[in-house]
$ cat my_file_27.tsv   # TSV, C-alpha atoms
chain	number	residue	atom	x	y	z
U	1	VAL	CA	-7.22	-53.35	-36.99
U	2	GLN	CA	-5.74	-51.93	-33.80
U	3	LEU	CA	-5.79	-53.33	-30.29
U	4	GLN	CA	-5.28	-51.48	-27.02
U	5	ALA	CA	-4.78	-53.56	-23.88
U	6	SER	CA	-5.00	-52.14	-20.38
U	7	GLY	CA	-5.72	-53.03	-16.78
U	8	GLY	CA	-2.55	-54.70	-15.60
U	9	GLY	CA	-0.95	-53.98	-12.26
U	10	LEU	CA	0.68	-55.26	-9.09
U	11	VAL	CA	-1.58	-57.31	-6.83
U	12	GLN	CA	-1.27	-59.87	-4.07
U	13	ALA	CA	-2.02	-63.55	-4.39
U	14	GLY	CA	-5.75	-64.16	-4.20
U	15	ASP	CA	-6.65	-60.75	-5.58
U	16	SER	CA	-8.50	-60.01	-8.82
U	17	LEU	CA	-7.78	-57.90	-11.89
U	18	ARG	CA	-9.74	-57.13	-15.02
U	19	LEU	CA	-7.88	-56.63	-18.26
U	20	SER	CA	-9.47	-54.82	-21.19
U	21	CYS	CA	-8.74	-55.05	-24.88
U	22	THR	CA	-10.35	-52.50	-27.17
U	23	VAL	CA	-10.38	-53.50	-30.82
U	24	THR	CA	-10.94	-50.93	-33.55
U	25	GLY	CA	-11.44	-51.59	-37.23
U	26	ARG	CA	-12.54	-55.18	-36.79
U	27	THR	CA	-14.27	-56.98	-39.64
U	28	GLY	CA	-14.82	-60.55	-40.76
U	29	MET	CA	-17.01	-63.53	-40.07
U	30	ARG	CA	-14.98	-65.47	-37.49
U	31	GLN	CA	-13.83	-62.63	-35.26
U	32	THR	CA	-11.82	-64.08	-32.43
U	33	VAL	CA	-10.01	-62.35	-29.61
U	34	GLY	CA	-7.43	-64.24	-27.65
U	35	TRP	CA	-5.46	-63.45	-24.52
U	36	PHE	CA	-1.93	-64.75	-24.27
U	37	ARG	CA	0.78	-64.22	-21.69
U	38	GLN	CA	4.53	-64.37	-21.58
U	39	ALA	CA	6.61	-64.66	-18.45
U	40	PRO	CA	10.36	-63.86	-18.46
U	41	GLY	CA	12.32	-66.66	-20.08
U	42	LYS	CA	9.21	-68.50	-21.20
U	43	GLU	CA	7.31	-68.82	-24.43
U	44	ARG	CA	4.09	-66.98	-25.04
U	45	GLU	CA	1.19	-69.15	-23.92
U	46	PHE	CA	-2.53	-69.23	-24.55
U	47	VAL	CA	-4.79	-68.02	-21.74
U	48	ALA	CA	-8.30	-67.61	-23.14
U	49	ALA	CA	-10.23	-66.80	-26.30
U	50	ILE	CA	-13.71	-65.76	-27.33
U	51	ARG	CA	-15.52	-66.13	-30.61
U	52	TRP	CA	-16.74	-62.57	-30.78
U	53	THR	CA	-19.01	-63.26	-33.74
U	54	GLY	CA	-20.86	-66.50	-34.20
U	55	GLY	CA	-21.99	-67.53	-30.76
U	56	GLY	CA	-19.60	-66.00	-28.26
U	57	ASN	CA	-18.08	-69.34	-27.31
U	58	THR	CA	-15.17	-69.16	-24.89
U	59	TYR	CA	-12.05	-71.26	-24.47
U	60	TYR	CA	-9.54	-71.44	-21.64
U	61	ALA	CA	-6.19	-72.88	-20.80
U	62	ASP	CA	-6.41	-75.55	-18.13
U	63	SER	CA	-4.22	-73.46	-15.83
U	64	VAL	CA	-6.81	-70.65	-15.65
U	65	LYS	CA	-10.08	-72.52	-16.05
U	66	GLY	CA	-12.43	-71.69	-13.21
U	67	ARG	CA	-10.44	-68.59	-12.21
U	68	PHE	CA	-10.46	-66.44	-15.36
U	69	THR	CA	-13.45	-65.32	-17.40
U	70	ILE	CA	-13.32	-63.82	-20.88
U	71	SER	CA	-16.23	-61.75	-22.14
U	72	GLY	CA	-17.00	-59.29	-24.91
U	73	ASP	CA	-18.95	-56.05	-25.15
U	74	ASN	CA	-19.81	-55.39	-28.77
U	75	ALA	CA	-21.09	-51.89	-28.13
U	76	LYS	CA	-17.76	-50.89	-26.62
U	77	ASN	CA	-15.64	-52.98	-29.00
U	78	THR	CA	-13.93	-54.34	-25.92
U	79	VAL	CA	-13.06	-57.80	-24.65
U	80	TYR	CA	-12.41	-58.30	-20.96
U	81	LEU	CA	-10.39	-60.86	-19.05
U	82	LEU	CA	-11.51	-61.07	-15.45
U	83	MET	CA	-8.83	-62.78	-13.41
U	84	ASN	CA	-9.78	-64.05	-9.97
U	85	SER	CA	-7.75	-65.91	-7.36
U	86	LEU	CA	-4.51	-64.73	-8.90
U	87	ARG	CA	-1.35	-66.69	-8.19
U	88	PRO	CA	2.32	-65.71	-8.40
U	89	GLU	CA	2.64	-68.01	-11.43
U	90	ASP	CA	0.15	-65.79	-13.27
U	91	THR	CA	2.79	-63.07	-13.36
U	92	ALA	CA	3.49	-62.19	-16.99
U	93	VAL	CA	2.94	-59.65	-19.72
U	94	TYR	CA	-0.55	-60.22	-21.04
U	95	TYR	CA	-1.31	-59.64	-24.70
U	96	CYS	CA	-4.60	-59.55	-26.55
U	97	ALA	CA	-4.77	-60.63	-30.16
U	98	PHE	CA	-7.38	-60.57	-32.92
U	99	ASP	CA	-8.07	-62.44	-36.10
U	100	SER	CA	-11.10	-63.05	-38.25
U	101	SER	CA	-10.23	-66.36	-39.90
U	102	ILE	CA	-9.07	-68.74	-37.19
U	103	ILE	CA	-10.54	-72.20	-37.25
U	104	LEU	CA	-11.48	-73.76	-33.95
U	105	SER	CA	-8.60	-76.22	-33.86
U	106	ALA	CA	-6.11	-73.33	-34.07
U	107	ILE	CA	-7.70	-70.98	-31.58
U	108	ARG	CA	-4.98	-71.61	-28.97
U	109	LEU	CA	-2.08	-70.97	-31.35
U	110	ALA	CA	-0.48	-67.53	-31.09
U	111	GLN	CA	0.91	-67.68	-34.60
U	112	GLN	CA	-2.63	-67.84	-36.01
U	113	TYR	CA	-3.50	-64.33	-34.79
U	114	LYS	CA	-2.62	-61.53	-37.16
U	115	TYR	CA	-3.15	-58.47	-34.95
U	116	TRP	CA	-1.70	-57.88	-31.48
U	117	GLY	CA	-1.95	-55.32	-28.75
U	118	GLN	CA	1.03	-53.88	-26.91
U	119	GLY	CA	0.82	-55.97	-23.74
U	120	THR	CA	0.07	-55.12	-20.14
U	121	GLN	CA	2.10	-56.26	-17.15
U	122	VAL	CA	0.46	-58.33	-14.42
U	123	THR	CA	2.51	-58.99	-11.31
U	124	VAL	CA	1.20	-61.16	-8.49
U	125	SER	CA	3.13	-61.12	-5.25
U	126	SER	CA	3.01	-63.99	-2.76

$ encode --input "my_file_27.tsv" --output "structure tokens"
Amino acid sequence: VQLQASGGGLVQAGDSLRLSCTVTGRTGMRQTVGWFRQAPGKEREFVAAIRWTGGGNTYYADSVKGRFTISGDNAKNTVYLLMNSLRPEDTAVYYCAFDSSIILSAIRLAQQYKYWGQGTQVTVSS
């Protein structure tokens, strides 16, 4: 399995960005893609996740709920993270991750994801 993340950039507060994560070689029954972010000096934190197989349910961190939307396009093997109303505190390197065996209670835990993309920088200026 390989992941390729893209779409980061430098924007102003209030702007929007859409991140993409293309996943190749994916298999399994509980395919889940998660987005995580890591700001300088901070731990990697959960942002959002989607159950790509088995219903397409989505999950969000409280800090992004209502502003970010995760979605998947099976035909393109790509998961998107649409980020609206960006804030300076959203500045971080954003990573997408994939696994096919995560149970629901662990969906927000980075250590449960086996495959990771390379990260894309998002910088929000005030």

$ atom_distance --input "my_file_27.tsv" --atom1 "atom CA of U:Pro40" --atom2 "atom CA of U:Pro88"
13.0 Å

$ residues_around --input "my_file_27.tsv" --residues "U:Lys42" --least-positions-apart "4" --cutoff "10 Å" --atoms "all atoms listed in the file" --output "PyMOL selection string"
chain U and resi 37-38+92

$ residues_around --input "my_file_27.tsv" --residues "U:Leu19" --least-positions-apart "5" --cutoff "6 Å" --atoms "all atoms listed in the file" --output "PyMOL selection string"
chain U and resi 6-7+80-81

$ residues_around --input "my_file_27.tsv" --residues "U:Thr78" --least-positions-apart "2" --cutoff "6 Å" --atoms "all atoms listed in the file" --output "PyMOL selection string"
chain U and resi 21-22+72-73+76

$ residues_around --input "my_file_27.tsv" --residues "U:Met29" --least-positions-apart "3" --cutoff "10 Å" --atoms "all atoms listed in the file" --output "number ranges by chain"
U: 32, 51-54, 99-102

$ residues_around --input "my_file_27.tsv" --residues "U:Ala39" --least-positions-apart "4" --cutoff "9 Å" --atoms "only C-alpha atoms" --output "JSON, numbers by chain"
{"U": [43, 44, 45, 89, 90, 91, 92, 93, 94]}

$ atom_distance --input "my_file_27.tsv" --atom1 "atom CA of U:Leu10" --atom2 "atom CA of U:Tyr113"
27.6 Å

$ closest_residue --input "my_file_27.tsv" --among "U:Ala106, U:Gln111, U:Gly119, U:Ser85" --to "U:Ala13" --atoms "only C-alpha atoms"
U:Ser85

$ axis_aligned_box --input "my_file_27.tsv" --around "stretch 59-72 of chain U" --padding-each-side "4 Å" --output "AutoDock Vina command-line options"
--center_x -10.6 --center_y -67.4 --center_z -18.6 --size_x 20.8 --size_y 24.3 --size_z 20.7

$ atom_distance --input "my_file_27.tsv" --atom1 "atom CA of U:Ser105" --atom2 "atom CA of U:Gly34"
13.5 Å

$ residues_near_point --input "my_file_27.tsv" --point "(-5.7, -73.5, -13.9)" --cutoff "12 Å" --atoms "only C-alpha atoms" --output "count of residues only"
20

$ residues_near_point --input "my_file_27.tsv" --point "(5.6, -51.7, -9.9)" --cutoff "12 Å" --atoms "all atoms listed in the file" --output "NGL selection string"
:U and (8-11 or 121-125)

$ closest_residue --input "my_file_27.tsv" --among "U:Val79, U:Tyr115, U:Ile107, U:Gly55" --to "U:Gly25" --atoms "all atoms listed in the file"
U:Tyr115

$ closest_residue --input "my_file_27.tsv" --among "U:Thr120, U:Leu82, U:Gln31, U:Asn74" --to "U:Ile103" --atoms "all atoms listed in the file"
U:Gln31

$ closest_residue --input "my_file_27.tsv" --among "U:Ile50, U:Ala75, U:Gly14, U:Thr58" --to "U:Cys96" --atoms "all atoms listed in the file"
U:Ile50

$ closest_residue --input "my_file_27.tsv" --among "U:Ser20, U:Gln118, U:Gln112, U:Gln12" --to "U:Ile70" --atoms "all atoms listed in the file"
U:Ser20

$ closest_residue --input "my_file_27.tsv" --among "U:Arg26, U:Leu17, U:Tyr59, U:Val1" --to "U:Gly117" --atoms "all atoms listed in the file"
U:Val1

$ build_atoms --input "my_file_27.tsv" --residues "stretch 63-89 of chain U" --atoms "N, CA, C and O atoms" --output "compact mmCIF listing (two decimals), keeping the file's coordinate frame"
# COMPACT_ATOMS: atom_id res chain seq x y z
N SER U 63 -4.82 -74.12 -16.98
CA SER U 63 -4.22 -73.46 -15.83
C SER U 63 -5.07 -72.30 -15.29
O SER U 63 -4.86 -71.87 -14.15
N VAL U 64 -6.00 -71.79 -16.09
CA VAL U 64 -6.81 -70.65 -15.65
C VAL U 64 -8.29 -70.97 -15.58
O VAL U 64 -9.08 -70.15 -15.11
N LYS U 65 -8.66 -72.14 -16.02
CA LYS U 65 -10.08 -72.52 -16.05
C LYS U 65 -10.66 -72.47 -14.64
O LYS U 65 -10.07 -72.99 -13.69
N GLY U 66 -11.80 -71.83 -14.51
CA GLY U 66 -12.43 -71.69 -13.21
C GLY U 66 -12.00 -70.45 -12.45
O GLY U 66 -12.64 -70.08 -11.46
N ARG U 67 -10.92 -69.82 -12.86
CA ARG U 67 -10.44 -68.59 -12.21
C ARG U 67 -10.59 -67.37 -13.10
O ARG U 67 -10.86 -66.27 -12.62
N PHE U 68 -10.40 -67.54 -14.41
CA PHE U 68 -10.46 -66.44 -15.36
C PHE U 68 -11.74 -66.54 -16.18
O PHE U 68 -12.21 -67.64 -16.50
N THR U 69 -12.27 -65.38 -16.55
CA THR U 69 -13.45 -65.32 -17.40
C THR U 69 -13.24 -64.30 -18.50
O THR U 69 -12.91 -63.14 -18.22
N ILE U 70 -13.43 -64.73 -19.74
CA ILE U 70 -13.32 -63.82 -20.88
C ILE U 70 -14.73 -63.46 -21.34
O ILE U 70 -15.62 -64.32 -21.37
N SER U 71 -14.92 -62.21 -21.68
CA SER U 71 -16.23 -61.75 -22.14
C SER U 71 -16.05 -60.60 -23.12
O SER U 71 -15.00 -59.96 -23.14
N GLY U 72 -17.09 -60.34 -23.91
CA GLY U 72 -17.00 -59.29 -24.91
C GLY U 72 -18.17 -58.33 -24.83
O GLY U 72 -19.28 -58.74 -24.50
N ASP U 73 -17.91 -57.08 -25.09
CA ASP U 73 -18.95 -56.05 -25.15
C ASP U 73 -18.90 -55.45 -26.55
O ASP U 73 -18.01 -54.63 -26.85
N ASN U 74 -19.83 -55.85 -27.39
CA ASN U 74 -19.81 -55.39 -28.77
C ASN U 74 -19.99 -53.89 -28.89
O ASN U 74 -19.36 -53.24 -29.73
N ALA U 75 -20.84 -53.32 -28.05
CA ALA U 75 -21.09 -51.89 -28.13
C ALA U 75 -19.84 -51.07 -27.84
O ALA U 75 -19.64 -49.98 -28.39
N LYS U 76 -18.99 -51.59 -26.99
CA LYS U 76 -17.76 -50.89 -26.62
C LYS U 76 -16.54 -51.40 -27.38
O LYS U 76 -15.43 -50.93 -27.14
N ASN U 77 -16.75 -52.40 -28.25
CA ASN U 77 -15.64 -52.98 -29.00
C ASN U 77 -14.51 -53.45 -28.07
O ASN U 77 -13.32 -53.30 -28.39
N THR U 78 -14.90 -53.98 -26.95
CA THR U 78 -13.93 -54.34 -25.92
C THR U 78 -14.15 -55.77 -25.42
O THR U 78 -15.28 -56.19 -25.21
N VAL U 79 -13.07 -56.47 -25.25
CA VAL U 79 -13.06 -57.80 -24.65
C VAL U 79 -12.36 -57.69 -23.30
O VAL U 79 -11.33 -57.03 -23.18
N TYR U 80 -12.94 -58.36 -22.31
CA TYR U 80 -12.41 -58.30 -20.96
C TYR U 80 -11.87 -59.66 -20.54
O TYR U 80 -12.37 -60.70 -20.97
N LEU U 81 -10.88 -59.64 -19.69
CA LEU U 81 -10.39 -60.86 -19.05
C LEU U 81 -10.42 -60.60 -17.55
O LEU U 81 -9.58 -59.87 -17.02
N LEU U 82 -11.41 -61.19 -16.89
CA LEU U 82 -11.51 -61.07 -15.45
C LEU U 82 -10.70 -62.19 -14.82
O LEU U 82 -10.95 -63.37 -15.08
N MET U 83 -9.74 -61.82 -14.01
CA MET U 83 -8.83 -62.78 -13.41
C MET U 83 -9.03 -62.79 -11.90
O MET U 83 -8.75 -61.78 -11.23
N ASN U 84 -9.56 -63.88 -11.40
CA ASN U 84 -9.78 -64.05 -9.97
C ASN U 84 -8.75 -65.02 -9.38
O ASN U 84 -8.12 -65.79 -10.11
N SER U 85 -8.64 -64.99 -8.08
CA SER U 85 -7.75 -65.91 -7.36
C SER U 85 -6.37 -65.96 -8.00
O SER U 85 -5.82 -67.04 -8.27
N LEU U 86 -5.81 -64.81 -8.22
CA LEU U 86 -4.51 -64.73 -8.90
C LEU U 86 -3.42 -65.39 -8.08
O LEU U 86 -3.42 -65.34 -6.84
N ARG U 87 -2.48 -65.98 -8.79
CA ARG U 87 -1.35 -66.69 -8.19
C ARG U 87 -0.05 -66.07 -8.67
O ARG U 87 -0.01 -65.48 -9.76
N PRO U 88 1.02 -66.24 -7.92
CA PRO U 88 2.32 -65.71 -8.40
C PRO U 88 2.69 -66.24 -9.79
O PRO U 88 3.30 -65.50 -10.58
N GLU U 89 2.30 -67.45 -10.11
CA GLU U 89 2.64 -68.01 -11.43
C GLU U 89 1.83 -67.38 -12.57
O GLU U 89 2.09 -67.66 -13.74
